[in-house]
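*Asks:* Sharing protein.csv (CSV, C-alpha atoms) below.
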```
chain,number,residue,atom,x,y,z
A,27,MET,CA,104.9,-13.3,-31.4
A,28,LYS,CA,104.2,-9.7,-32.4
A,29,GLU,CA,106.5,-6.8,-33.1
A,30,ILE,CA,105.1,-3.4,-32.0
A,31,LYS,CA,106.6,-0.3,-33.5
A,32,ALA,CA,105.3,3.0,-32.3
A,33,PHE,CA,106.2,6.5,-33.4
A,34,VAL,CA,105.5,9.0,-30.6
A,35,LYS,CA,106.2,12.5,-29.6
A,36,PRO,CA,109.4,12.9,-27.6
A,37,ASN,CA,107.7,14.7,-24.7
A,38,ARG,CA,105.5,11.5,-24.1
A,39,ILE,CA,108.3,8.9,-24.2
A,40,GLN,CA,109.2,8.9,-20.5
A,41,LYS,CA,105.5,8.3,-19.5
A,42,ILE,CA,105.2,5.5,-22.1
A,43,ILE,CA,108.4,3.8,-21.0
A,44,GLU,CA,107.3,3.9,-17.3
A,45,ALA,CA,103.9,2.5,-18.0
A,46,LEU,CA,105.3,-0.3,-20.2
A,47,THR,CA,107.9,-1.2,-17.6
A,48,ASP,CA,105.3,-1.1,-14.8
A,49,ASN,CA,103.3,-3.6,-16.7
A,50,GLY,CA,106.1,-6.0,-17.2
A,51,PHE,CA,107.4,-4.9,-20.7
A,52,GLN,CA,111.0,-4.1,-19.9
A,53,SER,CA,112.8,-5.0,-23.1
A,54,MET,CA,112.4,-2.4,-25.8
A,55,THR,CA,114.5,-0.4,-28.2
A,56,LEU,CA,114.2,3.4,-28.5
A,57,SER,CA,115.4,5.5,-31.5
A,58,GLN,CA,115.2,9.2,-32.3
A,59,GLY,CA,114.0,10.1,-35.7
A,60,GLU,CA,112.4,12.7,-37.9
A,61,GLY,CA,108.9,12.4,-39.3
A,62,THR,CA,107.5,13.8,-42.5
A,63,GLY,CA,103.8,13.4,-42.1
A,64,ALA,CA,101.2,15.8,-43.3
A,65,PHE,CA,101.2,17.5,-39.8
A,66,LYS,CA,104.2,19.5,-38.9
A,67,SER,CA,104.9,20.1,-35.2
A,68,LYS,CA,105.4,23.6,-33.8
A,69,GLY,CA,109.1,22.8,-33.5
A,70,ALA,CA,109.5,21.5,-37.1
A,71,ARG,CA,112.5,22.8,-38.8
A,72,PRO,CA,114.5,22.0,-41.9
A,73,SER,CA,116.6,18.9,-41.2
A,74,LEU,CA,120.3,19.3,-41.6
A,75,ASP,CA,120.6,15.6,-42.4
A,76,PHE,CA,117.7,15.0,-44.9
A,77,HIS,CA,116.9,18.5,-46.4
A,78,ILE,CA,113.2,18.2,-45.5
A,79,THR,CA,111.0,19.8,-42.9
A,80,ASP,CA,110.8,17.4,-40.1
A,81,SER,CA,109.0,16.8,-36.8
A,82,PRO,CA,111.0,15.0,-34.1
A,83,VAL,CA,109.7,11.5,-33.2
A,84,ILE,CA,110.8,8.6,-31.0
A,85,LYS,CA,110.4,5.1,-32.2
A,86,ILE,CA,109.7,2.4,-29.7
A,87,GLU,CA,110.2,-1.2,-30.8
A,88,LEU,CA,109.3,-4.3,-28.7
A,89,VAL,CA,108.4,-7.9,-29.2
A,90,CYS,CA,105.7,-9.6,-27.2
A,91,GLN,CA,103.4,-12.6,-27.1
A,92,ASN,CA,100.4,-12.4,-29.4
A,93,GLU,CA,98.0,-12.2,-26.4
A,94,GLU,CA,100.0,-9.2,-25.0
A,95,ALA,CA,99.9,-7.1,-28.1
A,96,GLN,CA,96.6,-5.4,-27.3
A,97,THR,CA,97.8,-4.5,-23.8
A,98,VAL,CA,100.9,-2.9,-25.3
A,99,ILE,CA,98.9,-0.9,-27.8
A,100,GLU,CA,96.5,0.3,-25.1
A,101,ILE,CA,99.4,1.4,-22.8
A,102,ILE,CA,101.2,3.3,-25.6
A,103,SER,CA,97.9,4.9,-26.8
A,104,ALA,CA,96.8,6.0,-23.3
A,105,ASN,CA,100.2,7.4,-22.4
A,106,GLY,CA,101.1,8.9,-25.8
A,107,LYS,CA,97.9,11.0,-26.2
A,108,THR,CA,98.1,14.8,-26.1
A,109,ASP,CA,95.7,17.7,-26.8
A,110,GLU,CA,97.7,18.4,-30.0
A,111,PRO,CA,97.2,16.7,-33.4
A,112,ALA,CA,99.4,13.9,-34.7
A,113,ASP,CA,100.3,12.0,-31.6
A,114,GLY,CA,101.9,9.2,-33.6
A,115,ILE,CA,101.1,5.8,-35.0
A,116,ILE,CA,101.5,2.2,-33.9
A,117,TYR,CA,102.3,-0.7,-36.2
A,118,VAL,CA,101.9,-4.4,-35.4
A,119,SER,CA,103.7,-7.1,-37.3
A,120,ASN,CA,103.9,-10.9,-37.0
A,121,ILE,CA,107.3,-12.4,-36.0
A,122,GLU,CA,107.9,-15.9,-37.3
A,123,ASP,CA,110.9,-16.5,-35.0
A,124,ALA,CA,113.8,-14.9,-33.3
A,125,PHE,CA,117.3,-16.2,-32.7
A,126,GLN,CA,120.0,-15.6,-30.1
A,127,ILE,CA,123.1,-14.3,-31.9
A,128,LYS,CA,125.6,-16.1,-29.5
A,129,THR,CA,124.0,-19.6,-29.6
A,130,GLY,CA,121.8,-19.5,-32.7
A,131,ASP,CA,119.0,-20.9,-30.5
A,132,SER,CA,115.4,-20.1,-31.5
A,133,LEU,CA,113.5,-18.0,-29.0
A,134,LYS,CA,110.3,-19.8,-29.9
A,135,ARG,CA,111.3,-22.6,-27.6
A,136,TYR,CA,111.4,-20.1,-24.7
A,137,ASN,CA,107.9,-18.9,-25.7
A,138,LEU,CA,109.1,-15.3,-26.3
```
Just dump the structure as structure tokens.
*Replies:*
Amino acid sequence: MKEIKAFVKPNRIQKIIEALTDNGFQSMTLSQGEGTGAFKSKGARPSLDFHITDSPVIKIELVCQNEEAQTVIEIISANGKTDEPADGIIYVSNIEDAFQIKTGDSLKRYNL
């Protein structure tokens, strides 16, 4: 299993979600955040929470089969691109196992 984490511009998130969902990737987590990369977006402002200059980002997290990871990366990349710099970044990590909280069952046996 692979975990995909992508940090994208907020104005691209709807298009990315729709493309992922249309391709069968329906379970994901979305979080709003503030990024501190070298590039500052036009809307960057001092953060009231962290006392830094920030650029708004959305983090997408999802877990997929190893053979599906490249498809997810391509979908996020194709739908997250803009004409502006700093469209975001995608991280891919290996997942050893996952467990259901209610039963404690490993999701490996379900091939997820």
*Asks:* I need the residue nearest Lys85 of chain A from this list: A:Asp123, A:Glu44, A:Glu60, A:Glu110. Use only C-alpha atoms for the distance.
*Replies:*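 Comparing A:Asp123, A:Glu44, A:Glu60, A:Glu110 against Lys85 of chain A, the winner is A:Glu60.
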*Asks:* Skip Thr55 of chain A itself and residues of its chain fewer than 6 positions away, then list as a ChimeraX atom specification all residues within 9 Å of it, counting only C-alpha atoms.
*Replies:* /A:85-88
*Asks:* Measuring atom to atom with all atoms listed in the file, identify which of A:Met54, A:Ala32, A:Ile39, A:Ile84 is nearest to Thr108 of chain A.
*Replies:*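 Looking only at the distances to Thr108 of chain A, the closest residue turns out to be A:Ile39.
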*Asks:* Under the rule that all atoms listed in the file are counted, which of A:Ile30, A:Leu56, A:Val83, A:Leu133 is the nearest residue to Tyr117 of chain A?
*Replies:*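 Ranked by minimum distance to Tyr117 of chain A, first place goes to A:Ile30.
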*Asks:* Could you jot down the atom CA of Glu29 of chain A to atom CA of Lys134 of chain A separation for me, Å, one decimal place?
*Replies:* 13.9 Å
*Asks:* Can you tell me how far atom CA of Ala45 of chain A sits from atom CA of Ile99 of chain A, in Å to one decimal?
*Replies:*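 Separation of atom CA of Ala45 of chain A and atom CA of Ile99 of chain A: 11.5 Å.
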*Asks:* What does the structure give for the distance between atom CA of Ser119 of chain A and atom CA of Glu94 of chain A, in Å to one decimal?
*Replies:*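 Answer for the atom CA of Ser119 of chain A to atom CA of Glu94 of chain A separation: 13.0 Å.
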*Asks:* Using all atoms listed in the file, find all polymer residues with an atom at most 10 Å away from the point (102.8, 9.3, -26.6); report them as a ChimeraX atom specification.
*Replies:* /A:32-43,83-84,101-108,112-115
*Asks:* Restrict the selected residues to C-alpha atoms and save them as a tab-separated table (two decimals), in the coordinates of the input.
*Replies:*
```tsv
chain	number	residue	atom	x	y	z
A	32	ALA	CA	105.30	3.00	-32.30
A	33	PHE	CA	106.20	6.50	-33.40
A	34	VAL	CA	105.50	9.00	-30.60
A	35	LYS	CA	106.20	12.50	-29.60
A	36	PRO	CA	109.40	12.90	-27.60
A	37	ASN	CA	107.70	14.70	-24.70
A	38	ARG	CA	105.50	11.50	-24.10
A	39	ILE	CA	108.30	8.90	-24.20
A	40	GLN	CA	109.20	8.90	-20.50
A	41	LYS	CA	105.50	8.30	-19.50
A	42	ILE	CA	105.20	5.50	-22.10
A	43	ILE	CA	108.40	3.80	-21.00
A	83	VAL	CA	109.70	11.50	-33.20
A	84	ILE	CA	110.80	8.60	-31.00
A	101	ILE	CA	99.40	1.40	-22.80
A	102	ILE	CA	101.20	3.30	-25.60
A	103	SER	CA	97.90	4.90	-26.80
A	104	ALA	CA	96.80	6.00	-23.30
A	105	ASN	CA	100.20	7.40	-22.40
A	106	GLY	CA	101.10	8.90	-25.80
A	107	LYS	CA	97.90	11.00	-26.20
A	108	THR	CA	98.10	14.80	-26.10
A	112	ALA	CA	99.40	13.90	-34.70
A	113	ASP	CA	100.30	12.00	-31.60
A	114	GLY	CA	101.90	9.20	-33.60
A	115	ILE	CA	101.10	5.80	-35.00
```
*Asks:* Can you tell me which residues surround Ser132 of chain A at a distance of at most 12 Å, considering all atoms listed in the file, apart from same-chain residues fewer than 6 positions away, and format the answer as a PyMOL selection string?
*Replies:* chain A and resi 122-126+138
*Asks:* So, counting all atoms listed in the file, which residue among A:Val98, A:Ile127, A:Ile116, A:Cys90 is closest to Leu46 of chain A?
*Replies:* A:Val98
*Asks:* Nearest to Gly61 of chain A: which of A:Ser81, A:Gln91, A:Asn120, A:Thr129 is it, counting all atoms listed in the file?
*Replies:*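 Checking each of A:Ser81, A:Gln91, A:Asn120, A:Thr129 against Gly61 of chain A, counting all atoms listed in the file, the winner is A:Ser81.
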*Asks:* Which one is closest to Lys31 of chain A: A:Gln58, A:Asn49, A:Val89, A:Pro82? Count only C-alpha atoms.
*Replies:*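 When distances to Lys31 of chain A are compared using only C-alpha atoms, the smallest one comes from A:Val89.
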